[in-house]
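Pasted below: start28.txt, compact mmCIF, C-alpha atoms.
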```txt
# COMPACT_ATOMS: atom_id res chain seq x y z
CA MET A 1 -16.99 59.87 -42.39
CA LYS A 2 -14.32 57.24 -41.91
CA PRO A 3 -12.75 57.06 -38.44
CA ARG A 4 -9.40 58.72 -38.26
CA PRO A 5 -6.37 56.69 -37.31
CA PRO A 6 -4.53 57.56 -34.09
CA ARG A 7 -2.74 60.84 -34.41
CA LEU A 8 0.96 60.09 -34.59
CA HIS A 9 3.74 62.42 -35.38
CA ARG A 10 4.66 62.11 -39.00
CA ALA A 11 7.70 64.05 -40.07
CA THR A 12 8.11 65.56 -43.45
CA LEU A 13 9.60 63.18 -45.98
CA THR A 14 13.23 64.23 -46.44
CA PRO A 15 16.29 62.54 -47.90
CA MET A 16 17.84 62.40 -44.44
CA ALA A 17 14.80 60.52 -43.07
CA ILE A 18 14.90 58.04 -45.93
CA ALA A 19 18.58 57.43 -45.37
CA THR A 20 18.02 56.90 -41.66
CA ALA A 21 15.28 54.33 -42.32
CA LEU A 22 17.48 52.39 -44.71
CA LEU A 23 20.37 52.42 -42.22
CA CYS A 24 18.10 50.75 -39.64
CA LEU A 25 17.75 47.63 -41.78
CA PRO A 26 21.35 46.37 -41.40
CA PHE A 27 20.99 46.88 -37.68
CA LEU A 28 17.91 44.64 -37.60
CA ALA A 29 19.66 41.95 -39.62
CA GLY A 30 22.70 42.04 -37.37
CA LEU A 31 20.52 42.00 -34.29
CA SER A 32 18.68 38.87 -35.45
CA ALA A 33 21.92 37.07 -36.24
CA THR A 34 23.43 37.80 -32.85
CA THR A 35 20.35 37.54 -30.65
CA TYR A 36 21.31 34.18 -29.14
CA ALA A 37 24.92 35.19 -28.56
CA ALA A 38 23.77 38.37 -26.87
CA ALA A 39 21.65 36.36 -24.45
CA VAL A 40 24.74 34.58 -23.24
CA LYS A 41 27.18 37.49 -23.25
CA SER A 42 24.85 39.87 -21.45
CA THR A 43 24.62 37.49 -18.48
CA GLU A 44 28.28 36.54 -18.24
CA ILE A 45 29.80 37.07 -14.80
CA LYS A 46 32.63 39.53 -14.53
CA PRO A 47 35.87 38.18 -13.05
CA THR A 48 35.22 40.18 -9.87
CA ASP A 49 31.78 38.54 -9.47
CA VAL A 50 32.92 34.93 -9.56
CA GLN A 51 33.92 34.86 -5.90
CA GLN A 52 30.65 36.49 -4.86
CA SER A 53 28.23 34.33 -6.84
CA LEU A 54 26.27 31.67 -4.99
CA SER A 55 26.98 28.27 -6.48
CA LEU A 56 24.59 25.36 -6.08
CA GLN A 57 27.20 23.42 -4.12
CA GLU A 58 27.67 26.27 -1.66
CA ALA A 59 23.92 26.63 -1.20
CA GLU A 60 23.61 22.92 -0.43
CA GLN A 61 26.51 22.98 2.04
CA LEU A 62 25.13 26.01 3.87
CA ALA A 63 21.70 24.43 4.11
CA ILE A 64 23.08 21.14 5.42
CA ARG A 65 25.15 23.02 7.98
CA HIS A 66 22.27 25.09 9.35
CA ASP A 67 19.17 22.89 8.99
CA GLN A 68 17.75 22.01 12.39
CA GLY A 69 15.89 19.01 10.98
CA LEU A 70 19.21 17.38 10.13
CA ASP A 71 20.51 18.19 13.61
CA ALA A 72 17.49 16.42 15.11
CA ALA A 73 18.01 13.38 12.89
CA GLN A 74 21.70 13.28 13.86
CA THR A 75 20.74 13.43 17.53
CA VAL A 76 18.36 10.50 17.10
CA ARG A 77 21.09 8.55 15.33
CA ASP A 78 23.56 9.25 18.16
CA ALA A 79 20.96 8.22 20.74
CA ASN A 80 20.34 4.91 18.99
CA ALA A 81 24.08 4.27 18.68
CA SER A 82 24.50 4.91 22.40
CA ALA A 83 21.62 2.58 23.27
CA ALA A 84 23.06 -0.16 21.03
CA ARG A 85 26.13 -0.44 23.25
CA ALA A 86 23.95 -1.74 26.08
CA ALA A 87 21.63 -3.96 24.05
CA ASN A 88 23.56 -7.23 24.51
CA GLN A 89 24.32 -6.83 28.20
CA LEU A 90 22.95 -9.11 30.89
CA PRO A 91 20.30 -7.70 33.22
CA ASP A 92 21.61 -6.31 36.50
CA PRO A 93 22.19 -8.92 39.24
CA THR A 94 19.99 -8.84 42.31
CA VAL A 95 21.20 -8.74 45.92
CA SER A 96 18.88 -9.75 48.74
CA VAL A 97 19.35 -9.74 52.51
CA GLN A 98 17.17 -12.02 54.68
CA LEU A 99 16.80 -12.45 58.44
CA ALA A 100 15.33 -15.89 59.21
CA ASN A 101 13.98 -17.59 62.35
CA LEU A 102 14.21 -14.64 64.71
CA PRO A 103 12.42 -15.45 68.06
CA LEU A 104 9.60 -13.04 68.71
CA ASP A 105 9.65 -13.30 72.53
CA THR A 106 13.13 -11.89 73.00
CA PHE A 107 14.15 -10.77 69.51
CA SER A 108 17.59 -12.14 70.33
CA PHE A 109 19.95 -13.03 67.51
CA THR A 110 21.79 -15.58 69.67
CA GLN A 111 18.96 -17.33 71.53
CA SER A 112 18.09 -19.89 68.86
CA PRO A 113 20.60 -21.75 66.68
CA MET A 114 18.05 -21.55 63.87
CA THR A 115 18.35 -17.77 63.64
CA MET A 116 20.31 -16.84 60.55
CA THR A 117 21.17 -13.77 58.49
CA GLN A 118 21.50 -14.63 54.81
CA VAL A 119 22.86 -12.55 51.92
CA SER A 120 22.24 -13.87 48.42
CA LEU A 121 23.20 -12.77 44.89
CA SER A 122 21.15 -13.83 41.86
CA GLN A 123 21.64 -13.38 38.11
CA MET A 124 19.04 -14.05 35.41
CA LEU A 125 20.11 -15.38 31.99
CA PRO A 126 17.73 -14.50 29.09
CA PRO A 127 16.48 -17.46 27.08
CA GLY A 128 18.40 -18.72 24.05
CA ASP A 129 20.23 -16.09 21.98
CA THR A 130 18.00 -13.25 23.12
CA LEU A 131 20.97 -10.98 23.86
CA ALA A 132 22.47 -11.48 20.42
CA GLN A 133 19.11 -10.83 18.75
CA ARG A 134 18.59 -7.69 20.82
CA ALA A 135 21.99 -6.46 19.71
CA LEU A 136 20.92 -6.99 16.11
CA VAL A 137 17.73 -5.01 16.78
CA ALA A 138 19.72 -2.13 18.25
CA ASP A 139 22.21 -2.14 15.39
CA ALA A 140 19.36 -2.14 12.88
CA LYS A 141 17.77 0.85 14.63
CA THR A 142 21.08 2.71 14.41
CA ALA A 143 21.40 1.82 10.73
CA ALA A 144 17.83 2.99 10.11
CA ALA A 145 18.54 6.29 11.87
CA THR A 146 21.70 6.72 9.80
CA ALA A 147 19.79 6.03 6.60
CA ASN A 148 17.02 8.39 7.70
CA LEU A 149 19.63 11.10 8.17
CA ALA A 150 20.82 10.47 4.61
CA VAL A 151 17.22 10.63 3.35
CA LYS A 152 16.67 13.98 5.04
CA THR A 153 19.95 15.24 3.63
CA GLN A 154 18.93 14.21 0.12
CA ILE A 155 15.50 15.80 0.51
CA LEU A 156 17.11 19.02 1.72
CA ARG A 157 19.55 19.04 -1.19
CA ARG A 158 16.66 18.50 -3.60
CA GLU A 159 14.62 21.34 -2.09
CA VAL A 160 17.57 23.73 -2.05
CA GLY A 161 18.41 22.74 -5.63
CA ARG A 162 14.87 23.50 -6.75
CA PHE A 163 14.90 26.91 -5.08
CA TRP A 164 18.32 27.66 -6.53
CA LEU A 165 17.13 26.63 -10.00
CA THR A 166 13.98 28.75 -9.66
CA VAL A 167 16.06 31.83 -8.92
CA TYR A 168 18.36 30.96 -11.81
CA ARG A 169 15.38 30.61 -14.16
CA ASP A 170 13.87 33.91 -13.05
CA ARG A 171 17.20 35.72 -13.44
CA GLN A 172 17.82 34.26 -16.88
CA THR A 173 14.26 35.06 -17.95
CA LEU A 174 14.71 38.57 -16.58
CA ALA A 175 17.86 38.97 -18.67
CA LEU A 176 15.95 37.83 -21.78
CA ARG A 177 13.10 40.24 -21.06
CA GLN A 178 15.55 43.12 -20.61
CA GLN A 179 17.20 42.26 -23.92
CA GLU A 180 13.77 42.00 -25.49
CA ARG A 181 12.92 45.45 -24.16
CA THR A 182 16.11 46.86 -25.68
CA LEU A 183 15.24 45.21 -28.98
CA TYR A 184 11.70 46.58 -28.99
CA ARG A 185 12.91 50.06 -28.18
CA LYS A 186 15.20 49.94 -31.18
CA LEU A 187 12.40 48.46 -33.27
CA LEU A 188 10.14 51.28 -32.12
CA HIS A 189 12.75 53.82 -33.14
CA SER A 190 13.06 52.10 -36.52
CA ALA A 191 9.26 51.96 -36.88
CA GLU A 192 8.97 55.66 -36.13
CA THR A 193 11.60 56.38 -38.76
CA ALA A 194 9.93 54.05 -41.25
CA TYR A 195 6.54 55.60 -40.47
CA SER A 196 7.93 59.03 -41.19
CA VAL A 197 8.79 57.89 -44.72
CA GLY A 198 5.54 55.97 -45.19
CA ARG A 199 7.02 52.49 -44.79
CA ALA A 200 5.22 51.55 -41.52
CA ARG A 201 1.63 51.72 -40.28
CA PRO A 202 0.34 53.40 -37.11
CA THR A 203 -0.64 50.00 -35.73
CA ASP A 204 3.01 48.93 -35.86
CA LEU A 205 3.92 51.73 -33.49
CA VAL A 206 1.01 50.97 -31.17
CA ARG A 207 1.92 47.25 -31.04
CA LEU A 208 5.51 48.03 -30.12
CA ARG A 209 4.51 50.51 -27.42
CA VAL A 210 2.04 48.06 -25.91
CA ARG A 211 4.66 45.34 -25.97
CA LEU A 212 7.15 47.61 -24.20
CA ALA A 213 4.57 48.29 -21.48
CA GLU A 214 3.91 44.57 -21.11
CA LEU A 215 7.64 43.91 -20.86
CA ASP A 216 8.02 46.48 -18.09
CA ASP A 217 5.24 44.74 -16.17
CA ARG A 218 6.76 41.30 -16.77
CA ILE A 219 10.20 42.50 -15.64
CA GLU A 220 8.74 43.87 -12.42
CA GLN A 221 6.91 40.58 -11.82
CA LEU A 222 10.11 38.58 -12.34
CA ARG A 223 11.99 40.78 -9.90
CA GLY A 224 9.29 40.23 -7.31
CA ASP A 225 9.26 36.45 -7.89
CA THR A 226 13.04 36.29 -7.61
CA ALA A 227 13.05 38.24 -4.36
CA ALA A 228 10.35 35.98 -2.90
CA THR A 229 12.22 32.80 -3.80
CA GLN A 230 15.48 34.17 -2.40
CA ALA A 231 13.68 35.02 0.83
CA ARG A 232 12.52 31.41 1.14
CA LEU A 233 16.02 30.17 0.36
CA ALA A 234 17.40 32.47 3.09
CA ARG A 235 15.76 30.14 5.61
CA TRP A 236 18.69 27.79 5.10
CA ILE A 237 21.56 29.90 3.82
CA GLY A 238 20.93 33.29 5.41
CA PRO A 239 22.27 36.48 3.78
CA ARG A 240 24.03 34.52 1.04
CA ALA A 241 20.63 34.20 -0.64
CA GLU A 242 21.06 37.82 -1.75
CA ALA A 243 24.34 37.06 -3.55
CA PRO A 244 24.63 37.14 -7.37
CA TRP A 245 23.81 33.97 -9.30
CA PRO A 246 26.16 32.31 -11.82
CA SER A 247 25.31 32.84 -15.46
CA ALA A 248 25.76 29.17 -16.37
CA LEU A 249 24.23 26.04 -14.91
CA PRO A 250 26.63 23.97 -12.77
CA GLU A 251 27.88 20.61 -13.95
CA ALA A 252 25.50 18.90 -11.51
CA LEU A 253 22.56 20.31 -13.49
CA THR A 254 23.93 19.61 -16.95
CA THR A 255 25.44 16.11 -16.78
CA LEU A 256 23.86 12.82 -15.80
CA PRO A 257 24.63 11.86 -12.17
CA GLN A 258 26.64 8.79 -11.33
CA GLY A 259 25.40 6.34 -8.74
CA ASP A 260 23.50 3.16 -8.03
CA LEU A 261 19.81 3.20 -7.27
CA ASN A 262 20.28 0.21 -4.95
CA ASN A 263 22.20 2.51 -2.59
CA GLN A 264 19.36 5.02 -2.43
CA PRO A 265 18.95 6.21 1.19
CA GLU A 266 15.23 5.44 1.25
CA LEU A 267 15.93 1.83 0.32
CA ASN A 268 18.74 1.65 2.90
CA ALA A 269 16.31 2.88 5.56
CA LEU A 270 13.76 0.24 4.57
CA ARG A 271 16.45 -2.46 4.58
CA ALA A 272 17.44 -1.42 8.10
CA GLN A 273 13.80 -1.59 9.20
CA LEU A 274 13.55 -5.05 7.64
CA ALA A 275 16.67 -6.16 9.52
CA GLU A 276 15.17 -4.81 12.73
CA ALA A 277 11.94 -6.74 12.13
CA ARG A 278 13.85 -9.95 11.43
CA ALA A 279 15.88 -9.51 14.61
CA GLU A 280 12.64 -8.99 16.54
CA THR A 281 11.52 -12.30 15.07
CA GLY A 282 14.68 -13.86 16.48
CA VAL A 283 13.89 -12.43 19.91
CA ALA A 284 10.36 -13.88 19.73
CA ARG A 285 11.72 -17.27 18.65
CA ALA A 286 14.24 -17.32 21.51
CA ALA A 287 11.36 -16.91 23.99
CA PHE A 288 10.42 -20.56 23.34
CA LYS A 289 13.54 -21.62 25.24
CA PRO A 290 13.75 -21.61 29.06
CA GLN A 291 15.23 -18.73 31.01
CA PHE A 292 17.82 -19.63 33.63
CA GLY A 293 18.75 -17.98 36.90
CA VAL A 294 21.74 -18.50 39.20
CA GLN A 295 21.67 -17.74 42.93
CA LEU A 296 24.54 -17.64 45.39
CA GLY A 297 23.83 -17.17 49.11
CA TYR A 298 25.85 -16.82 52.35
CA GLY A 299 24.22 -17.37 55.73
CA ILE A 300 25.47 -16.29 59.16
CA ARG A 301 24.16 -18.61 61.94
CA ALA A 302 23.50 -17.53 65.51
CA GLY A 303 25.75 -18.52 68.36
CA HIS A 304 28.57 -20.88 67.59
CA GLN A 305 26.86 -22.53 64.64
CA PRO A 306 28.90 -22.62 61.40
CA ASP A 307 28.04 -20.22 58.58
CA THR A 308 26.36 -21.64 55.51
CA LEU A 309 26.80 -21.34 51.74
CA SER A 310 23.98 -22.01 49.28
CA VAL A 311 23.96 -22.25 45.47
CA GLY A 312 20.88 -22.61 43.36
CA VAL A 313 19.74 -22.65 39.73
CA SER A 314 16.27 -21.70 38.51
CA MET A 315 14.70 -22.36 35.14
CA SER A 316 11.50 -21.06 33.57
CA LEU A 317 9.08 -23.53 32.04
CA PRO A 318 7.71 -22.30 28.69
CA ILE A 319 4.91 -24.84 28.70
CA PHE A 320 1.97 -22.82 27.44
CA THR A 321 3.71 -21.41 24.35
CA GLY A 322 0.50 -21.39 22.34
CA GLU A 323 -0.90 -18.69 24.62
CA ARG A 324 2.06 -16.30 24.70
CA GLN A 325 5.17 -17.16 22.65
CA THR A 326 3.44 -18.33 19.48
CA PRO A 327 1.23 -15.25 19.00
CA LEU A 328 4.23 -12.98 19.58
CA LEU A 329 6.31 -14.91 17.05
CA VAL A 330 3.53 -14.78 14.43
CA ALA A 331 3.16 -11.03 14.98
CA ALA A 332 6.91 -10.50 14.54
CA GLN A 333 6.94 -12.59 11.36
CA LYS A 334 4.03 -10.59 9.94
CA ARG A 335 5.86 -7.35 10.63
CA ALA A 336 8.95 -8.67 8.86
CA GLN A 337 6.82 -9.67 5.86
CA ALA A 338 5.28 -6.21 5.77
CA ARG A 339 8.74 -4.60 5.82
CA GLN A 340 9.85 -6.81 2.94
CA LEU A 341 6.81 -5.84 0.90
CA ASP A 342 7.42 -2.16 1.64
CA LEU A 343 11.02 -2.52 0.46
CA ASP A 344 10.08 -4.34 -2.74
CA ASN A 345 7.31 -1.87 -3.55
CA ARG A 346 9.46 1.21 -2.95
CA ALA A 347 12.36 -0.26 -4.92
CA ALA A 348 10.09 -0.92 -7.90
CA GLU A 349 8.64 2.58 -7.61
CA LEU A 350 12.06 4.25 -7.51
CA HIS A 351 13.30 2.19 -10.45
CA ALA A 352 10.25 3.29 -12.44
CA GLN A 353 10.88 6.92 -11.49
CA ALA A 354 14.54 6.69 -12.52
CA GLU A 355 13.66 5.16 -15.87
CA ALA A 356 10.97 7.78 -16.49
CA LEU A 357 13.46 10.54 -15.70
CA ARG A 358 16.04 9.05 -18.08
CA GLN A 359 13.48 8.89 -20.88
CA ALA A 360 12.35 12.46 -20.19
CA LEU A 361 15.96 13.66 -20.23
CA ALA A 362 16.60 11.94 -23.54
CA SER A 363 13.52 13.62 -25.02
CA LEU A 364 14.58 17.02 -23.67
CA ASP A 365 18.06 16.55 -25.13
CA ARG A 366 16.55 15.92 -28.55
CA ARG A 367 14.28 18.94 -28.27
CA ILE A 368 17.12 21.24 -27.18
CA HIS A 369 19.21 19.92 -30.06
CA GLY A 370 16.31 20.73 -32.38
CA TYR A 371 16.16 24.32 -31.14
CA ASP A 372 19.92 24.77 -31.48
CA HIS A 373 20.28 23.27 -34.97
CA ASP A 374 16.87 23.72 -36.60
CA ILE A 375 14.32 26.01 -35.00
CA LEU A 376 16.42 28.98 -33.92
CA PRO A 377 18.58 29.07 -37.08
CA GLN A 378 15.44 28.93 -39.25
CA LEU A 379 13.77 31.67 -37.20
CA ARG A 380 16.82 33.86 -37.72
CA GLN A 381 16.67 33.09 -41.43
CA VAL A 382 13.00 34.07 -41.53
CA ALA A 383 13.80 37.32 -39.72
CA LYS A 384 16.56 38.07 -42.20
CA ILE A 385 14.24 37.41 -45.15
CA ALA A 386 11.56 39.68 -43.62
CA GLN A 387 14.12 42.44 -43.17
CA ASN A 388 15.42 42.06 -46.71
CA GLN A 389 11.90 42.15 -48.14
CA PHE A 390 11.09 45.23 -46.12
CA GLY A 391 14.31 46.86 -47.23
CA SER A 392 13.52 46.13 -50.87
CA GLY A 393 10.01 47.57 -50.54
CA SER A 394 8.14 44.27 -51.03
CA GLY A 395 7.52 43.50 -47.38
CA GLU A 396 5.83 45.03 -44.36
CA PHE A 397 7.26 46.18 -41.08
CA THR A 398 4.73 43.93 -39.30
CA ALA A 399 6.54 40.88 -40.69
CA VAL A 400 9.80 42.18 -39.23
CA ILE A 401 8.21 42.58 -35.80
CA ASP A 402 6.64 39.11 -35.92
CA ALA A 403 9.93 37.51 -36.98
CA GLU A 404 11.87 39.16 -34.16
CA GLN A 405 9.19 38.19 -31.66
CA ALA A 406 9.33 34.58 -32.87
CA ILE A 407 13.09 34.50 -32.21
CA LEU A 408 12.60 35.83 -28.70
CA GLN A 409 9.88 33.26 -28.02
CA GLY A 410 12.15 30.52 -29.37
CA ARG A 411 14.93 31.56 -27.02
CA GLN A 412 12.51 31.58 -24.09
CA GLN A 413 11.27 28.11 -24.99
CA ARG A 414 14.81 26.82 -25.20
CA LEU A 415 15.55 28.31 -21.78
CA ASP A 416 12.42 26.61 -20.41
CA LEU A 417 13.64 23.29 -21.82
CA MET A 418 17.03 23.74 -20.16
CA ILE A 419 15.37 24.55 -16.83
CA ASP A 420 13.06 21.54 -17.19
CA ARG A 421 16.06 19.34 -17.93
CA ALA A 422 17.94 20.68 -14.90
CA GLY A 423 14.89 20.01 -12.71
CA ARG A 424 14.77 16.40 -13.90
CA LEU A 425 18.47 16.07 -13.09
CA ILE A 426 17.80 17.30 -9.55
CA ASP A 427 15.23 14.51 -9.15
CA LEU A 428 17.61 11.96 -10.66
CA ARG A 429 20.37 13.05 -8.31
CA TYR A 430 18.02 12.37 -5.42
CA LEU A 431 17.59 8.80 -6.66
CA LEU A 432 21.18 7.95 -7.58
CA GLU A 433 23.42 9.89 -5.24
CA ASN A 434 24.00 8.82 -1.65
CA PRO A 435 25.34 11.59 0.63
CA ALA A 436 26.62 8.97 3.07
```

Would you encode the structure as structure tokens?
Amino acid sequence: MKPRPPRLHRATLTPMAIATALLCLPFLAGLSATTYAAAVKSTEIKPTDVQQSLSLQEAEQLAIRHDQGLDAAQTVRDANASAARAANQLPDPTVSVQLANLPLDTFSFTQSPMTMTQVSLSQMLPPGDTLAQRALVADAKTAAATANLAVKTQILRREVGRFWLTVYRDRQTLALRQQERTLYRKLLHSAETAYSVGRARPTDLVRLRVRLAELDDRIEQLRGDTAATQARLARWIGPRAEAPWPSALPEALTTLPQGDLNNQPELNALRAQLAEARAETGVARAAFKPQFGVQLGYGIRAGHQPDTLSVGVSMSLPIFTGERQTPLLVAAQKRAQARQLDLDNRAAELHAQAEALRQALASLDRRIHGYDHDILPQLRQVAKIAQNQFGSGSGEFTAVIDAEQAILQGRQQRLDLMIDRAGRLIDLRYLLENPA
């Protein structure tokens, strides 16, 4: 005995059933022709939702306002700026008080004319242009801290942008899956009607029911993924992470960013570190020159002896420079060379990344254009042909299902390309835009 097919309800063939099956065909044709438009219209934001939706710009601003890492970087920058104001100041003068020639037998201040109380003031002068070079070091540290703050801001904007785009992708995919579920429910209804008149097979009904179950599971997964990503985004923006999302990508994720890679914050930070290393070299070179000191003293003599005034100048003797100054200078020069190499290497790397992103964006633009003008229109044409053949009795309902599924897959692939393109733009914005 041959195995029996699954038992499915099969209504009696009636004129009304035949008419119903034939009326389903124009619906399928119209549905294929408007599938892409429906994807856009079904996700349009109502006028009352515009004020509530979370834009990318708002998400970035909220994150920048509340991120503690940026607050720490700003504090470091302020500390360096405060320290820079004292970098070129002379060391504090020194005051000394001396009691000289006091007789030990009587401890009298007036017994011996040699007894004297002397107060002196001395000031040391750093060698060469040490103060000017130290000021350059301090300014470079402040510039590096400022650039580091800009780097952290750019990194934060990139991370927030990626999270925002992930939620956008999940929501758009969820909208497509919900539309796909509506389509398959209508296809199932049409298949049941066609099956009742002998125009569809039992496997067609089983395929559609399995697909509907898979769609329900996929929709639930997307909702869970979206909620998880929004929870991570709430770290920066708080309750606003639960707000609705716009239906269209912002201009920042659709158009090429404007900017100059040479102003990239990472490169500015490396340039500031190079300037600091060069200034440290200047400090080490100034150490080859002598350090001067000035002393001014006033002495009070015992008895009726006149008071005294003394003035003196001291000078260091950098004689053994090969043992101290030269090694320090060589070390500072090596550090400056290392900073220059780091800057050149990172600049070349960022230029390569920017060029790779531009090439990838150009390729994605061509592929999206292909989907809009070739692939999707041809898929709709194939679906229309399959429906016409089925309506004329020369085709199978399976071909109709496959054609509709191909359109849905094409729309999903186009959405994936748009999301990929937006992600590349986020990376390119990081390279070209300078928040400072």

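From CA of Leu267 in chain A back to CA of Glu433 in chain A, the distance works out to 12.3 Å.
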
Quiz item: If you measure from CA of Gln68 in chain A to CA of Val160 in chain A, what distance in Å do you get, rounded to one decimal?
Solution: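 So the answer is 14.5 Å.
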
Exercise. Using all atoms listed in the file, give me every residue within 12 Å of (19.9, 23.7, -29.9) in file coordinates, as a PyMOL selection string.
Key: chain A and resi 36+364-378+410-411+413-415+417-418

Quiz item: Hey, what's within 7 Å of Gln264 in chain A if we count only C-alpha atoms and toss same-chain stuff fewer than 3 positions away? As a PyMOL selection string, please?
Solution: chain A and resi 261+267-268+431-434

Could you build a table of the residues in range 130-182 of chain A lying no more than 10 Å from range 83-99 of chain A, giving for each the nearest pair of atoms and their separation in Å rounded to one decimal place, using only C-alpha atoms, ordered by chain and ascending residue number, as a Markdown table?
```
| residue | atom | partner | partner_atom | distance |
| --- | --- | --- | --- | --- |
| A:Thr130 | CA | A:Asn88 | CA | 8.3 |
| A:Leu131 | CA | A:Asn88 | CA | 4.6 |
| A:Ala132 | CA | A:Asn88 | CA | 6.0 |
| A:Gln133 | CA | A:Asn88 | CA | 8.1 |
| A:Arg134 | CA | A:Ala87 | CA | 5.8 |
| A:Ala135 | CA | A:Ala87 | CA | 5.0 |
| A:Leu136 | CA | A:Ala87 | CA | 8.5 |
| A:Val137 | CA | A:Ala87 | CA | 8.3 |
| A:Ala138 | CA | A:Ala84 | CA | 4.8 |
| A:Asp139 | CA | A:Ala84 | CA | 6.0 |
| A:Ala140 | CA | A:Ala84 | CA | 9.2 |
| A:Lys141 | CA | A:Ala84 | CA | 8.4 |
| A:Thr142 | CA | A:Ala84 | CA | 7.5 |
```

Could those selected residues go to a file with C-alpha atoms, as a CSV table (one decimal), in the frame of the given file?
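What follows is the written file part_8.csv:
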```csv
chain,number,residue,atom,x,y,z
A,130,THR,CA,18.0,-13.2,23.1
A,131,LEU,CA,21.0,-11.0,23.9
A,132,ALA,CA,22.5,-11.5,20.4
A,133,GLN,CA,19.1,-10.8,18.8
A,134,ARG,CA,18.6,-7.7,20.8
A,135,ALA,CA,22.0,-6.5,19.7
A,136,LEU,CA,20.9,-7.0,16.1
A,137,VAL,CA,17.7,-5.0,16.8
A,138,ALA,CA,19.7,-2.1,18.2
A,139,ASP,CA,22.2,-2.1,15.4
A,140,ALA,CA,19.4,-2.1,12.9
A,141,LYS,CA,17.8,0.8,14.6
A,142,THR,CA,21.1,2.7,14.4
```

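Here CA of Ile64 in chain A is placed at a distance of 6.9 Å from CA of Thr153 in chain A.
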
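Point (17.1, 15.5, 8.4) has the following residues at most 9 Å away: Ile64, Asp67, Gln68, Gly69, Leu70, Asp71, Ala72, Ala73, Gln74, Asn148, Leu149, Ala150, Val151, Lys152, Thr153, Gln154, Ile155 and Leu156 of chain A (atoms considered: all atoms listed in the file).
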
Quiz prompt | range 288-294 of chain A environment, 7 Å, only C-alpha atoms, sequence neighbours closer than 6 positions dropped, as a PyMOL selection string | solution = chain A and resi 122-128+312-318+321+325

Practice problem: Compare A:Gln337, A:Gln305, A:Ser53, A:Thr326 by their minimum atom-to-atom distance to Thr115 in chain A, counting only C-alpha atoms, and give me the closest one. | Solution: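 The answer is A:Gln305, which sits nearest to Thr115 in chain A.
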
Practice problem: Give me the residues within 12 Å of Gly238 in chain A as a list in words, counting all atoms listed in the file and dropping any in the same chain fewer than 2 places off. | Solution: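 Neighbouring residues, sequence-local ones excluded: Leu54, Ala59, Leu62, Ala63, Arg65, His66, Asp67, Gln230, Ala231, Arg232, Leu233, Ala234, Arg235, Trp236, Arg240, Ala241, Glu242 and Ala243 of chain A.
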
Centre, edges in Å (one decimal): axis-aligned box, range 242-246 of chain A, 3 Å padding on all six sides, as lines of an AutoDock Vina configuration file:
```
center_x = 23.6
center_y = 35.1
center_z = -6.8
size_x = 11.1
size_y = 11.5
size_z = 16.1
```

Self-check item: Shortest interatomic distance to Leu205 in chain A - which of A:Ala144, A:Leu188, A:Leu408, A:Leu104, counting all atoms listed in the file
Solution: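 Closest to Leu205 in chain A of all the choices is A:Leu188.
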
Quiz item: With distances taken over all atoms listed in the file, which of A:Leu309, A:Ala147, A:Ala100, A:Ala275 is nearest to Arg339 in chain A?
Solution: A:Ala275

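Nearest-residue note for Met116 in chain A: choosing from A:Ala145, A:Ile407, A:Leu176, A:Ile300, the minimum distance belongs to A:Ile300, counting all atoms listed in the file.
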
Quiz prompt | Residue nearest Thr166 in chain A - candidates A:Glu280, A:Asp216, A:Asp420, A:Asp204, atoms counted: only C-alpha atoms | solution =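 Answer, going by the shortest atom-to-atom distance: A:Asp420.
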
Quiz item: Using only C-alpha atoms, which of A:Ala269, A:Leu296, A:Ala252, A:Ile219 sits nearest Ser120 in chain A?
Solution: A:Leu296
